[in-house]
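Student: Can you read through this structure? Questions will come right after.
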Amino acid sequence: MKKIVVDMDGRLGNQMFQYAYALKLKKEIPKSEIIINFYRISLYGDLAPNEQGWMNNLQYFHADYQLDQQKLSNFLIQYLSKRQYFWLRVTNRLLHHLSSFKRHSYFPFDKLPNFLKYYSRFLYRKGLLIYPSKIKDLNYEPQNETILLHSYFEDASFFEGM
């Protein structure tokens with residue numbers, strides 16, 4: 001069974017977009033399940049106790065997912081293959097240290113330089129839907145049993161035909 005794992009980030013609106021994209025993938029991939037980790041959001045709630053909304057807002061809807069609430073590194077190690085985890089770590093380092101990766105991280109796919117388009121396709125084939133946030137017309141065949149979603153998917157066109 002394929003697993004669609006979501007490293008949830010943001011408050012209600014972002015959570016809805018991320019969950020909707022996970023649902024879209026679940027419809028496209030037979031016999032898959034959605035597993036969501038809200039650990040990152042709980043940290044934000046602890047850091048900003050006076051701000052509202054840093055919680056699992058999906059609990060108020062009839063959302064179909066398994067809840068996983070563990071430290072992010074443990075969550076990723078549990079569900080990702082060693083290769084996926086390796087490429088995720090490499091990408092995080094590139095995003096933090098190379099200005100070209102940082103500068104383009106929220107550009108739409110068609111506005112990316114060619115080397116970043118290639119890299120995004122590479123990550124998608126590995127089942128890592130993390131960079132950039134607006135790839136929508138990319139057909140891919142995930143090579144792993146797990147697909148990681150870590151992006152906002154804040155574009156209604158992601159959900160056309162649902």
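Residue numbers start at 1 in each chain; chains themselves are named A, B, ... in the order of the structure tokens; ligands are numbered from 1 in the order shown.
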May I have the residues within 12 Å of Ile41 (chain A) as a list in words, using only C-alpha atoms and disregarding those fewer than 5 positions away in the same chain?
Tutor: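 Result of the neighbour search: Asp7, Met8, Asp9, Gly10, Arg11, Leu12, Asn14, Gln15, Ile36, Asp46, Leu47, Ala48, Pro49, Glu51, Gln52, Gly53, Trp54, Met55, Asn56, Asn57, Gln69, Gln70, Lys71 and Leu72 of chain A.
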Student: May I have the residues within 10 Å of region 89-95 of chain A as a ChimeraX atom specification, using only C-alpha atoms and disregarding those fewer than 4 positions away in the same chain?
Tutor: /A:83-85,99-105,119,123,130-131
Student: I need the residues from that last selection saved to file as a CSV table (one decimal), in the first residue's frame (with N, CA and C atoms), if you can.
Tutor:
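Just written: selection05.csv:
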```csv
chain,number,residue,atom,x,y,z
A,83,ARG,N,17.0,6.5,0.6
A,83,ARG,CA,17.3,7.4,-0.5
A,83,ARG,C,16.5,8.6,-0.5
A,84,GLN,N,15.2,8.5,-0.2
A,84,GLN,CA,14.3,9.6,-0.1
A,84,GLN,C,14.8,10.6,1.0
A,85,TYR,N,15.1,10.0,2.2
A,85,TYR,CA,15.6,10.8,3.3
A,85,TYR,C,16.9,11.5,2.9
A,99,SER,N,21.9,30.6,-2.9
A,99,SER,CA,20.9,31.7,-3.1
A,99,SER,C,20.0,31.4,-4.2
A,100,SER,N,20.4,30.7,-5.3
A,100,SER,CA,19.6,30.4,-6.4
A,100,SER,C,18.4,29.5,-6.0
A,101,PHE,N,18.7,28.5,-5.1
A,101,PHE,CA,17.6,27.6,-4.6
A,101,PHE,C,16.6,28.4,-3.8
A,102,LYS,N,17.1,29.3,-2.9
A,102,LYS,CA,16.3,30.1,-2.0
A,102,LYS,C,15.4,31.1,-2.8
A,103,ARG,N,16.1,31.7,-3.7
A,103,ARG,CA,15.4,32.8,-4.5
A,103,ARG,C,14.3,32.3,-5.3
A,104,HIS,N,14.4,31.0,-5.8
A,104,HIS,CA,13.4,30.5,-6.7
A,104,HIS,C,12.4,29.5,-6.0
A,105,SER,N,12.5,29.3,-4.7
A,105,SER,CA,11.8,28.3,-4.0
A,105,SER,C,10.2,28.4,-4.1
A,119,TYR,N,15.8,19.5,-11.5
A,119,TYR,CA,15.9,19.0,-10.1
A,119,TYR,C,14.5,18.7,-9.5
A,123,LEU,N,13.2,15.2,-8.0
A,123,LEU,CA,12.6,15.0,-6.7
A,123,LEU,C,11.2,14.3,-6.8
A,130,ILE,N,8.2,18.6,-2.8
A,130,ILE,CA,8.6,19.6,-1.9
A,130,ILE,C,9.2,20.9,-2.5
A,131,TYR,N,9.5,20.8,-3.8
A,131,TYR,CA,10.2,22.0,-4.4
A,131,TYR,C,9.9,22.1,-5.9
```
Student: Give the alpha helix (DSSP H) residues of region 54-147 of chain A, as assigned by DSSP on the backbone, as a ChimeraX atom specification.
Tutor: /A:72-79,82-97,99-103,114-125
Student: Give me the residues near region 143-145 of chain A as a list in words, where near means some atom within 7 Å (using only C-alpha atoms) and where sequence neighbours in that chain fewer than 2 positions away do not count.
Tutor: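 Skipping anything fewer than 2 positions along the chain leaves Lys2, Lys3, Arg125, Lys126, Gly127, Glu141 and Ile147 of chain A.
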Student: Selection from above, C-alpha atoms, as a compact mmCIF listing (two decimals), in the first residue's frame, can you write it?
Tutor:
```txt
# COMPACT_ATOMS: atom_id res chain seq x y z
CA LYS A 2 1.36 3.41 -0.97
CA LYS A 3 1.64 6.00 1.74
CA ARG A 125 10.23 10.91 -9.38
CA LYS A 126 11.67 10.11 -5.95
CA GLY A 127 8.26 10.82 -4.37
CA GLU A 141 5.67 7.93 -11.59
CA ILE A 147 5.19 10.12 -1.30
```
Student: So, with only C-alpha atoms as the atoms that count, which of A:Asn37, A:Ser42, A:Ser157, A:Gln59 lies closest to Leu76 (chain A)?
Tutor: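 Closest candidate: A:Asn37.
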